[in-house]
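Structure data (TSV, C-alpha atoms) from structure20.tsv:
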chain	number	residue	atom	x	y	z
A	9	MET	CA	39.71	77.35	73.15
A	10	SER	CA	38.35	80.86	72.75
A	11	HIS	CA	39.88	83.79	74.59
A	12	ARG	CA	37.20	85.49	76.65
A	13	LEU	CA	36.63	89.03	75.44
A	14	THR	CA	37.10	91.33	78.39
A	15	GLY	CA	34.88	94.36	78.22
A	16	THR	CA	32.06	92.69	76.28
A	17	CYS	CA	29.65	92.66	79.18
A	18	GLY	CA	30.86	96.08	80.19
A	19	ALA	CA	30.07	97.39	76.73
A	20	LEU	CA	26.55	96.02	76.95
A	21	ALA	CA	26.07	97.41	80.43
A	22	ALA	CA	27.30	100.80	79.29
A	23	VAL	CA	24.79	100.87	76.45
A	24	VAL	CA	22.01	99.90	78.81
A	25	ALA	CA	23.04	102.57	81.28
A	26	LEU	CA	23.37	105.23	78.59
A	27	LEU	CA	20.05	104.48	76.94
A	28	CYS	CA	18.08	103.27	79.94
A	29	LEU	CA	14.37	103.91	79.77
A	30	THR	CA	12.65	106.05	82.35
A	31	ALA	CA	10.49	104.46	85.01
A	32	ALA	CA	7.28	104.72	83.03
A	33	PRO	CA	4.49	102.25	83.73
A	34	ALA	CA	5.62	98.77	82.69
A	35	ALA	CA	2.83	98.20	80.17
A	36	ALA	CA	3.72	101.39	78.30
A	37	GLN	CA	7.40	100.68	77.58
A	38	PRO	CA	8.31	101.45	73.94
A	39	GLU	CA	10.46	99.39	71.60
A	40	LEU	CA	13.88	100.52	70.44
A	41	GLN	CA	13.92	103.75	68.46
A	42	ALA	CA	16.78	105.79	67.05
A	43	PRO	CA	17.39	109.23	68.62
A	44	ALA	CA	15.69	112.00	66.65
A	45	ASP	CA	18.98	113.88	66.20
A	46	TRP	CA	20.99	110.83	65.05
A	47	THR	CA	21.67	109.98	61.40
A	48	PRO	CA	22.46	106.32	60.63
A	49	PRO	CA	25.87	105.95	58.97
A	50	ARG	CA	26.12	104.78	55.36
A	51	THR	CA	28.61	102.66	53.50
A	52	PRO	CA	30.54	104.28	50.60
A	53	TRP	CA	27.97	102.72	48.23
A	54	GLY	CA	24.98	104.08	50.19
A	55	ASP	CA	23.63	101.14	52.23
A	56	PRO	CA	23.06	101.41	56.00
A	57	ASP	CA	26.38	100.64	57.67
A	58	LEU	CA	26.24	97.63	60.02
A	59	ARG	CA	29.98	96.94	59.90
A	60	ALA	CA	31.15	96.32	63.45
A	61	ILE	CA	31.46	93.65	66.12
A	62	TRP	CA	28.14	93.26	67.93
A	63	ASN	CA	27.24	91.38	71.11
A	64	ASN	CA	23.80	90.13	72.20
A	65	ALA	CA	24.48	88.77	75.70
A	66	THR	CA	21.61	89.19	78.17
A	67	ILE	CA	20.04	87.52	81.19
A	68	THR	CA	16.55	87.94	79.73
A	69	PRO	CA	15.10	84.47	79.04
A	70	LEU	CA	13.67	83.34	75.72
A	71	GLU	CA	10.28	82.62	77.32
A	72	ARG	CA	8.55	84.69	79.96
A	73	PRO	CA	8.81	82.95	83.34
A	74	ALA	CA	5.49	81.47	84.42
A	75	GLU	CA	5.43	83.50	87.63
A	76	LEU	CA	5.34	86.74	85.61
A	77	ALA	CA	2.13	85.67	83.85
A	78	ASP	CA	0.83	88.66	81.84
A	79	GLN	CA	3.65	91.05	82.78
A	80	ALA	CA	5.30	91.92	79.46
A	81	PHE	CA	7.77	94.46	80.89
A	82	PHE	CA	9.77	94.92	84.08
A	83	THR	CA	9.64	98.15	86.01
A	84	ALA	CA	12.89	100.07	86.44
A	85	ASP	CA	13.10	98.89	90.05
A	86	GLU	CA	12.64	95.26	88.99
A	87	VAL	CA	15.37	95.61	86.37
A	88	ALA	CA	17.74	97.07	88.95
A	89	ALA	CA	16.99	94.27	91.42
A	90	ARG	CA	17.50	91.47	88.87
A	91	GLU	CA	20.68	92.97	87.51
A	92	ARG	CA	22.00	93.40	91.05
A	93	GLN	CA	21.26	89.73	91.76
A	94	ALA	CA	23.03	88.72	88.56
A	95	GLN	CA	26.07	90.81	89.49
A	96	ASP	CA	26.12	89.25	92.97
A	97	ARG	CA	26.20	85.78	91.36
A	98	VAL	CA	29.09	86.82	89.12
A	99	ASP	CA	31.00	88.25	92.09
A	100	GLN	CA	30.45	85.06	94.04
A	101	GLN	CA	31.59	82.87	91.15
A	102	ASN	CA	34.72	84.97	90.65
A	103	ALA	CA	35.64	85.15	94.34
A	104	PRO	CA	38.82	83.32	95.43
A	105	SER	CA	38.18	79.67	96.22
A	106	GLU	CA	40.09	76.81	97.75
A	107	VAL	CA	42.50	75.15	95.34
A	108	ARG	CA	41.87	71.42	94.93
A	109	THR	CA	44.99	69.38	95.66
A	110	GLU	CA	43.53	65.86	95.59
A	111	PRO	CA	42.60	64.15	92.30
A	112	LEU	CA	38.95	63.48	91.56
A	113	PRO	CA	37.72	59.93	92.22
A	114	VAL	CA	37.95	57.63	89.22
A	115	GLY	CA	34.69	57.81	87.30
A	116	GLY	CA	33.67	61.04	89.00
A	117	ASN	CA	32.21	64.12	87.33
A	118	VAL	CA	35.09	66.18	85.99
A	119	GLY	CA	32.88	69.25	85.66
A	120	ALA	CA	32.90	71.79	82.84
A	121	TYR	CA	33.99	75.38	82.23
A	122	ASN	CA	34.26	77.53	85.33
A	123	SER	CA	33.23	81.18	85.42
A	124	TYR	CA	36.49	82.35	83.84
A	125	TRP	CA	35.41	80.94	80.48
A	126	THR	CA	31.82	82.16	80.46
A	127	GLU	CA	30.37	85.46	79.33
A	128	GLN	CA	28.51	86.45	82.44
A	129	SER	CA	26.01	89.05	81.34
A	130	THR	CA	24.23	90.92	84.10
A	131	SER	CA	21.82	92.99	81.98
A	132	ILE	CA	18.13	92.79	81.12
A	133	VAL	CA	17.41	93.72	77.50
A	134	ARG	CA	17.22	97.44	76.78
A	135	THR	CA	13.45	97.32	76.20
A	136	MET	CA	12.95	95.88	79.72
A	137	ARG	CA	10.87	93.02	78.33
A	138	THR	CA	10.42	89.96	80.52
A	139	SER	CA	11.16	87.62	77.60
A	140	LEU	CA	12.86	87.68	74.24
A	141	ILE	CA	9.63	86.38	72.70
A	142	THR	CA	7.36	89.28	71.74
A	143	ASP	CA	4.62	87.29	69.94
A	144	PRO	CA	2.56	85.45	71.19
A	145	ALA	CA	1.62	88.15	73.67
A	146	ASP	CA	2.15	85.83	76.65
A	147	GLY	CA	5.87	85.69	75.84
A	148	ARG	CA	5.78	81.90	75.51
A	149	LEU	CA	6.40	79.50	72.65
A	150	PRO	CA	3.25	78.34	70.86
A	151	GLU	CA	1.93	74.84	71.38
A	152	LEU	CA	3.73	72.05	69.59
A	153	THR	CA	1.89	70.34	66.75
A	154	PRO	CA	0.88	66.69	67.19
A	155	GLN	CA	3.46	65.64	64.59
A	156	ALA	CA	6.20	67.54	66.46
A	157	LEU	CA	5.26	65.87	69.73
A	158	ALA	CA	5.33	62.50	67.99
A	159	ARG	CA	8.70	63.32	66.45
A	160	ILE	CA	10.48	64.44	69.62
A	161	THR	CA	8.98	61.72	71.84
A	162	SER	CA	9.77	58.89	69.41
A	163	PRO	CA	12.15	56.19	70.72
A	164	ALA	CA	14.85	57.40	68.32
A	165	SER	CA	14.62	61.00	69.53
A	166	VAL	CA	14.51	60.01	73.19
A	167	ARG	CA	17.56	57.80	72.72
A	168	LEU	CA	19.43	60.60	70.93
A	169	ALA	CA	18.64	63.02	73.76
A	170	ASP	CA	19.91	60.45	76.29
A	171	VAL	CA	23.14	60.02	74.32
A	172	GLN	CA	23.73	63.76	74.01
A	173	GLU	CA	23.03	64.33	77.71
A	174	GLY	CA	25.50	61.60	78.64
A	175	ARG	CA	22.95	59.21	80.14
A	176	ILE	CA	23.79	56.31	77.79
A	177	PRO	CA	26.83	55.47	75.61
A	178	ALA	CA	27.11	56.84	72.09
A	179	ASP	CA	27.48	54.44	69.17
A	180	GLY	CA	29.60	56.95	67.27
A	181	PRO	CA	30.47	60.66	66.97
A	182	GLU	CA	27.58	61.18	64.52
A	183	GLU	CA	25.18	60.83	67.45
A	184	MET	CA	26.74	63.74	69.32
A	185	GLY	CA	25.54	67.32	68.95
A	186	LEU	CA	26.87	69.62	66.27
A	187	SER	CA	28.66	71.76	68.86
A	188	GLU	CA	30.47	68.78	70.38
A	189	ARG	CA	31.61	67.94	66.85
A	190	CYS	CA	32.78	71.54	66.33
A	191	LEU	CA	30.51	71.95	63.30
A	192	TRP	CA	27.83	74.49	64.22
A	193	TYR	CA	26.61	76.06	67.44
A	194	ARG	CA	24.28	79.02	67.30
A	195	GLY	CA	21.39	78.06	65.11
A	196	ILE	CA	19.17	80.65	63.42
A	197	PRO	CA	17.77	82.88	64.85
A	198	THR	CA	20.96	83.60	66.79
A	199	LEU	CA	20.18	83.83	70.49
A	200	PRO	CA	22.64	84.44	73.34
A	201	THR	CA	24.14	81.57	75.30
A	202	GLY	CA	26.72	81.21	78.06
A	203	TYR	CA	29.66	82.62	76.14
A	204	ASN	CA	31.03	83.85	72.80
A	205	ASN	CA	28.03	86.04	71.95
A	206	ASN	CA	29.90	88.18	69.42
A	207	TYR	CA	29.17	88.67	65.70
A	208	HIS	CA	31.40	90.50	63.22
A	209	PHE	CA	29.42	92.08	60.37
A	210	PHE	CA	31.10	92.69	56.99
A	211	GLN	CA	29.41	94.29	53.97
A	212	THR	CA	29.78	94.70	50.23
A	213	PRO	CA	27.14	95.94	47.78
A	214	ASP	CA	26.13	92.31	47.05
A	215	PHE	CA	26.73	90.53	50.36
A	216	VAL	CA	26.45	90.80	54.11
A	217	LEU	CA	28.75	88.39	55.91
A	218	ILE	CA	28.26	87.56	59.60
A	219	LEU	CA	31.16	85.88	61.38
A	220	GLN	CA	30.05	84.13	64.56
A	221	GLU	CA	32.63	84.03	67.31
A	222	HIS	CA	31.46	80.58	68.39
A	223	ILE	CA	32.98	77.90	66.11
A	224	HIS	CA	33.91	80.83	63.82
A	225	ASP	CA	31.25	80.06	61.22
A	226	LEU	CA	30.89	82.58	58.40
A	227	ARG	CA	27.29	83.13	57.34
A	228	VAL	CA	26.87	84.57	53.83
A	229	VAL	CA	23.74	86.61	53.07
A	230	TYR	CA	23.23	87.32	49.37
A	231	LEU	CA	21.77	90.71	48.42
A	232	ASP	CA	22.01	90.32	44.64
A	233	GLY	CA	18.54	88.86	44.06
A	234	ARG	CA	19.61	85.28	43.39
A	235	PRO	CA	17.01	82.61	44.29
A	236	HIS	CA	17.25	80.32	47.29
A	237	LEU	CA	19.02	76.99	46.99
A	238	PRO	CA	16.93	74.11	45.55
A	239	PRO	CA	14.73	72.49	48.23
A	240	ALA	CA	16.84	69.32	48.29
A	241	ILE	CA	20.03	71.19	49.35
A	242	HIS	CA	20.32	71.94	53.07
A	243	GLN	CA	23.13	73.66	54.98
A	244	PHE	CA	23.80	74.27	58.68
A	245	ALA	CA	23.38	78.02	58.12
A	246	GLY	CA	20.66	77.48	55.54
A	247	SER	CA	20.05	79.54	52.43
A	248	SER	CA	19.99	83.24	53.41
A	249	ARG	CA	18.71	85.91	51.02
A	250	GLY	CA	18.53	89.54	52.07
A	251	TYR	CA	17.32	92.94	50.97
A	252	TRP	CA	17.11	96.47	52.35
A	253	GLU	CA	13.77	97.79	53.53
A	254	GLY	CA	14.61	101.42	54.25
A	255	ASP	CA	17.33	101.30	56.91
A	256	THR	CA	16.50	97.71	57.88
A	257	LEU	CA	18.31	94.62	56.60
A	258	VAL	CA	15.74	91.85	56.11
A	259	ILE	CA	17.05	88.27	55.84
A	260	GLU	CA	14.97	85.23	54.95
A	261	THR	CA	16.61	81.89	55.71
A	262	ARG	CA	15.35	78.48	54.65
A	263	ASN	CA	16.89	75.10	53.70
A	264	LEU	CA	18.33	74.71	57.20
A	265	ARG	CA	20.04	71.39	57.83
A	266	GLU	CA	19.49	69.94	61.32
A	267	PRO	CA	18.02	73.29	62.40
A	268	PHE	CA	17.82	74.06	66.10
A	269	ILE	CA	17.47	76.98	68.48
A	270	ARG	CA	19.28	77.08	71.79
A	271	ARG	CA	17.85	78.57	74.99
A	272	TRP	CA	14.76	76.39	75.48
A	273	SER	CA	13.11	76.56	78.87
A	274	ARG	CA	10.39	73.88	78.89
A	275	PRO	CA	10.96	70.11	79.14
A	276	GLU	CA	8.87	69.24	76.08
A	277	HIS	CA	11.13	71.46	73.96
A	278	SER	CA	14.36	70.48	75.72
A	279	LEU	CA	13.78	66.85	74.82
A	280	SER	CA	14.39	67.72	71.18
A	281	ARG	CA	17.35	69.95	72.13
A	282	GLY	CA	15.65	72.79	70.27
A	283	ARG	CA	15.27	70.94	67.01
A	284	LEU	CA	13.04	72.44	64.31
A	285	SER	CA	11.87	70.73	61.14
A	286	GLU	CA	13.76	71.25	57.90
A	287	SER	CA	10.77	73.18	56.52
A	288	ALA	CA	11.37	76.04	58.98
A	289	VAL	CA	11.68	79.58	57.58
A	290	VAL	CA	13.30	82.29	59.69
A	291	THR	CA	12.92	86.00	58.90
A	292	GLU	CA	15.33	88.39	60.62
A	293	ARG	CA	15.43	92.19	60.69
A	294	PHE	CA	18.52	94.21	61.65
A	295	THR	CA	18.19	97.97	62.16
A	296	ARG	CA	20.89	100.25	63.51
A	297	VAL	CA	19.19	102.54	66.04
A	298	GLY	CA	22.20	104.29	67.53
A	299	PRO	CA	25.98	104.53	67.31
A	300	ASP	CA	26.35	101.47	69.54
A	301	LEU	CA	22.99	99.73	69.27
A	302	LEU	CA	21.52	97.30	66.75
A	303	ASP	CA	17.86	96.28	66.92
A	304	TYR	CA	17.38	92.60	66.09
A	305	ARG	CA	13.95	91.09	65.46
A	306	PHE	CA	13.03	87.68	64.11
A	307	THR	CA	10.10	85.44	63.24
A	308	VAL	CA	10.18	81.64	63.14
A	309	ASP	CA	7.61	79.95	60.89
A	310	ASP	CA	7.71	76.17	61.23
A	311	PRO	CA	4.24	74.66	60.72
A	312	GLU	CA	5.62	71.17	61.29
A	313	THR	CA	6.74	72.10	64.82
A	314	TRP	CA	4.44	74.84	66.18
A	315	THR	CA	0.77	75.62	65.71
A	316	ARG	CA	1.61	79.20	64.69
A	317	PRO	CA	4.64	81.39	63.89
A	318	TRP	CA	6.35	83.19	66.77
A	319	SER	CA	8.57	86.26	67.01
A	320	GLY	CA	11.18	87.79	69.28
A	321	ALA	CA	13.55	90.72	69.65
A	322	LEU	CA	16.73	91.68	71.46
A	323	PRO	CA	19.36	94.40	71.11
A	324	TYR	CA	22.94	93.92	69.97
A	325	ALA	CA	25.51	96.19	71.64
A	326	ARG	CA	28.57	97.34	69.74
A	327	ASN	CA	31.79	95.88	71.07
A	328	ASP	CA	35.00	97.80	70.44
A	329	GLN	CA	37.20	94.92	71.65
A	330	PRO	CA	38.83	92.56	69.11
A	331	MET	CA	37.27	89.17	68.41
A	332	PHE	CA	39.70	86.29	68.75
A	333	GLU	CA	39.60	82.92	67.01
A	334	PHE	CA	37.44	80.24	68.62
A	335	ALA	CA	39.69	77.24	67.93
A	336	CYS	CA	37.08	74.60	68.72
A	337	HIS	CA	38.54	71.55	67.06
A	338	GLU	CA	42.31	71.31	67.63
A	339	GLY	CA	42.05	67.53	67.21
A	340	ASN	CA	38.83	67.44	69.27
A	341	TYR	CA	40.30	65.27	72.02
A	342	GLY	CA	37.05	65.64	73.91
A	343	MET	CA	35.21	63.66	71.24
A	344	MET	CA	37.85	60.93	71.33
A	345	ASN	CA	37.48	60.73	75.11
A	346	ILE	CA	33.68	60.60	74.88
A	347	MET	CA	33.87	57.67	72.47
A	348	THR	CA	36.49	55.93	74.66
A	349	GLY	CA	34.20	56.31	77.65
A	350	SER	CA	31.24	54.96	75.68
A	351	ARG	CA	33.21	51.85	74.69
A	352	ALA	CA	34.26	51.36	78.32
A	353	GLU	CA	30.61	51.55	79.37
A	354	ASP	CA	29.71	48.98	76.69
A	355	ALA	CA	32.43	46.65	77.92
A	356	GLU	CA	31.25	47.02	81.51
A	357	ALA	CA	27.68	46.24	80.49
A	358	GLU	CA	28.74	43.15	78.57
A	359	GLY	CA	30.70	41.91	81.57
A	360	ARG	CA	27.71	42.05	83.89

Write-out of the structure in structure tokens:
Amino acid sequence: MSHRLTGTCGALAAVVALLCLTAAPAAAQPELQAPADWTPPRTPWGDPDLRAIWNNATITPLERPAELADQAFFTADEVAARERQAQDRVDQQNAPSEVRTEPLPVGGNVGAYNSYWTEQSTSIVRTMRTSLITDPADGRLPELTPQALARITSPASVRLADVQEGRIPADGPEEMGLSERCLWYRGIPTLPTGYNNNYHFFQTPDFVLILQEHIHDLRVVYLDGRPHLPPAIHQFAGSSRGYWEGDTLVIETRNLREPFIRRWSRPEHSLSRGRLSESAVVTERFTRVGPDLLDYRFTVDDPETWTRPWSGALPYARNDQPMFEFACHEGNYGMMNIMTGSRAEDAEAEGR
């Protein structure tokens, strides 16, 4: 189990407070820009220096909420109100509560992590956007292609979603999600979730290595000009090849195995649990725009899933706290218990 990093959300809030935009008209809000009097640091070999632990937690949703329609940016007052509401929820969750003394009923819902284990961000993204998606202009995912709809509504996909949501028994651990199996969690592009939103960047002249806190996966980005892996070879983190474009690190990732993106908001996407096709190509851009701020932008091009590419952006805040090991597996007793429960459900069904 991961140790929760105290100070992570505070670090993000401090960056937001320090660099907060003025209350200009919402439609005129600029994107992230480095201060005119700030010089980006360099590595000893001359590349832009991204080496640090960065955190991308935010309460800004992937898609713009329907009720905000064509509003691309919040006003300063709206940001303050939403962040105050988020802080009130955190305070309520962390308030003292009655200690349960009686055991739960047999077969009851045992619940999940409480607020102690979650990374409870209370901040809107620094740009004050109403969604992480920046293109299309409506802040929403493009329409799914007919073949994607057919794929995610097929009996096999519907059954898999039912298994992974606990509605029906699982035949085996292979049917469970990659995170339940302690194999892979974030997906690419890497979007914030409920906890463990930290990334440790390492650099050499030929590589950039990104260590995800969640399930401690090490993503290797090659800068030495080597070609992508052959099309038949797929990996959870894909085949990532990078290069410097001025002060920006550009990474192209393809050959993703079982690619997915967390943080869906619409039922037709949730059914697939964020699954892309294996032909998806993701282009990411990392630019350091301040001592404690990293600008992250990405484009997803998956013609088998969406009718057009789509793009998004969010800031990463520097985190000066240490990043502890996320020891996900440790025998993975949860998986054993899930399978035991599934066999008990099978036995009950056979007895009826």

Could you please give me, as a list in words, the residues of protein, DNA or RNA lying at most 8 Å from (15.8, 72.3, 50.2) in the coordinate frame of the file, considering all atoms listed in the file?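 Residues satisfying the cut-off, written out: Leu237, Pro238, Pro239, Ala240, Ile241, His242, Arg262, Asn263 and Leu264 of chain A.
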
Write the residues of the selection above to a file with C-alpha atoms, as a PDB file, in the coordinates of the input.
ATOM      1  CA  LEU A 237      19.020  76.990  46.990  1.00  0.00           C
ATOM      2  CA  PRO A 238      16.930  74.110  45.550  1.00  0.00           C
ATOM      3  CA  PRO A 239      14.730  72.490  48.230  1.00  0.00           C
ATOM      4  CA  ALA A 240      16.840  69.320  48.290  1.00  0.00           C
ATOM      5  CA  ILE A 241      20.030  71.190  49.350  1.00  0.00           C
ATOM      6  CA  HIS A 242      20.320  71.940  53.070  1.00  0.00           C
ATOM      7  CA  ARG A 262      15.350  78.480  54.650  1.00  0.00           C
ATOM      8  CA  ASN A 263      16.890  75.100  53.700  1.00  0.00           C
ATOM      9  CA  LEU A 264      18.330  74.710  57.200  1.00  0.00           C
TER      10      LEU A 264
END

Could you state the separation of atom CA of Ala74 of chain A and atom CA of Pro163 of chain A in Å, given to one decimal place?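 According to the coordinates, atom CA of Ala74 of chain A and atom CA of Pro163 of chain A are separated by 29.5 Å.
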
Please provide as JSON, numbers by chain all residues within 9 Å of segment 189-205 of chain A, with the sequence filter that same-chain residues fewer than 6 positions apart are discarded (counting only C-alpha atoms). {"A": [10, 12, 13, 16, 62, 63, 64, 65, 66, 67, 70, 125, 126, 127, 128, 129, 181, 182, 220, 221, 222, 223, 224, 225, 244, 245, 246, 261, 264, 267, 268, 269, 270, 271, 290, 291, 292, 306, 307, 308, 322, 334, 336, 337, 340, 343]}

Atom pair atom CA of Pro48 of chain A / atom CA of Glu260 of chain A: separation (Å): 23.1 Å

Please report the interatomic distance between atom CA of Ile259 of chain A and atom CA of Arg326 of chain A in Å with one decimal.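 Distance between the two atoms: 20.2 Å.
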
Tell me, as a PyMOL selection string, which residues lie within 12 Å of Arg167 of chain A, counting only C-alpha atoms; anything in the same chain fewer than 5 positions away does not count. chain A and resi 160-162+172-179+183-184+279-280

Per-residue nearest contacts of segment 20-114 of chain A to segment 134-154 of chain A (6 Å; all atoms listed in the file) as JSON lines:
{"residue": "A:Val24", "atom": "CA", "partner": "A:Arg134", "partner_atom": "CA", "distance": 5.8}
{"residue": "A:Glu39", "atom": "CA", "partner": "A:Thr135", "partner_atom": "CA", "distance": 5.9}
{"residue": "A:Thr68", "atom": "CA", "partner": "A:Ser139", "partner_atom": "CA", "distance": 5.8}
{"residue": "A:Pro69", "atom": "CA", "partner": "A:Ser139", "partner_atom": "CA", "distance": 5.2}
{"residue": "A:Leu70", "atom": "CA", "partner": "A:Leu140", "partner_atom": "CA", "distance": 4.7}
{"residue": "A:Glu71", "atom": "CA", "partner": "A:Arg148", "partner_atom": "CA", "distance": 4.9}
{"residue": "A:Arg72", "atom": "CA", "partner": "A:Ser139", "partner_atom": "CA", "distance": 4.6}
{"residue": "A:Ala80", "atom": "CA", "partner": "A:Thr138", "partner_atom": "CA", "distance": 5.6}
{"residue": "A:Phe81", "atom": "CA", "partner": "A:Arg137", "partner_atom": "CA", "distance": 4.3}
{"residue": "A:Phe82", "atom": "CA", "partner": "A:Met136", "partner_atom": "CA", "distance": 5.5}

For Ser285 of chain A, which of A:Arg159, A:Val297, A:Gly185, A:Val229 is the closest residue, counting all atoms listed in the file?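 Among the listed residues, the smallest separation from Ser285 of chain A belongs to A:Arg159.
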
Neighbourhood query: residues within 10 Å of (33.7, 102.1, 70.7), file coordinates, counting all atoms listed in the file; return as a PyMOL selection string. chain A and resi 19+60-61+299-300+326-329

Quick one: of A:Ser248, A:Asn122, A:Ile132, A:Trp46, who's nearest to Ala88 of chain A, counting all atoms listed in the file?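 So, comparing all the options, the nearest one is A:Ile132.
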
Shortest interatomic distance to Thr212 of chain A - which of A:Ala44, A:Ala103, A:Leu58, A:Leu157, counting all atoms listed in the file: A:Leu58

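Candidate residues A:Leu112, A:Asp99, A:Pro56, A:Pro73 were compared for distance to Tyr251 of chain A, and the nearest is A:Pro56, using all atoms listed in the file.
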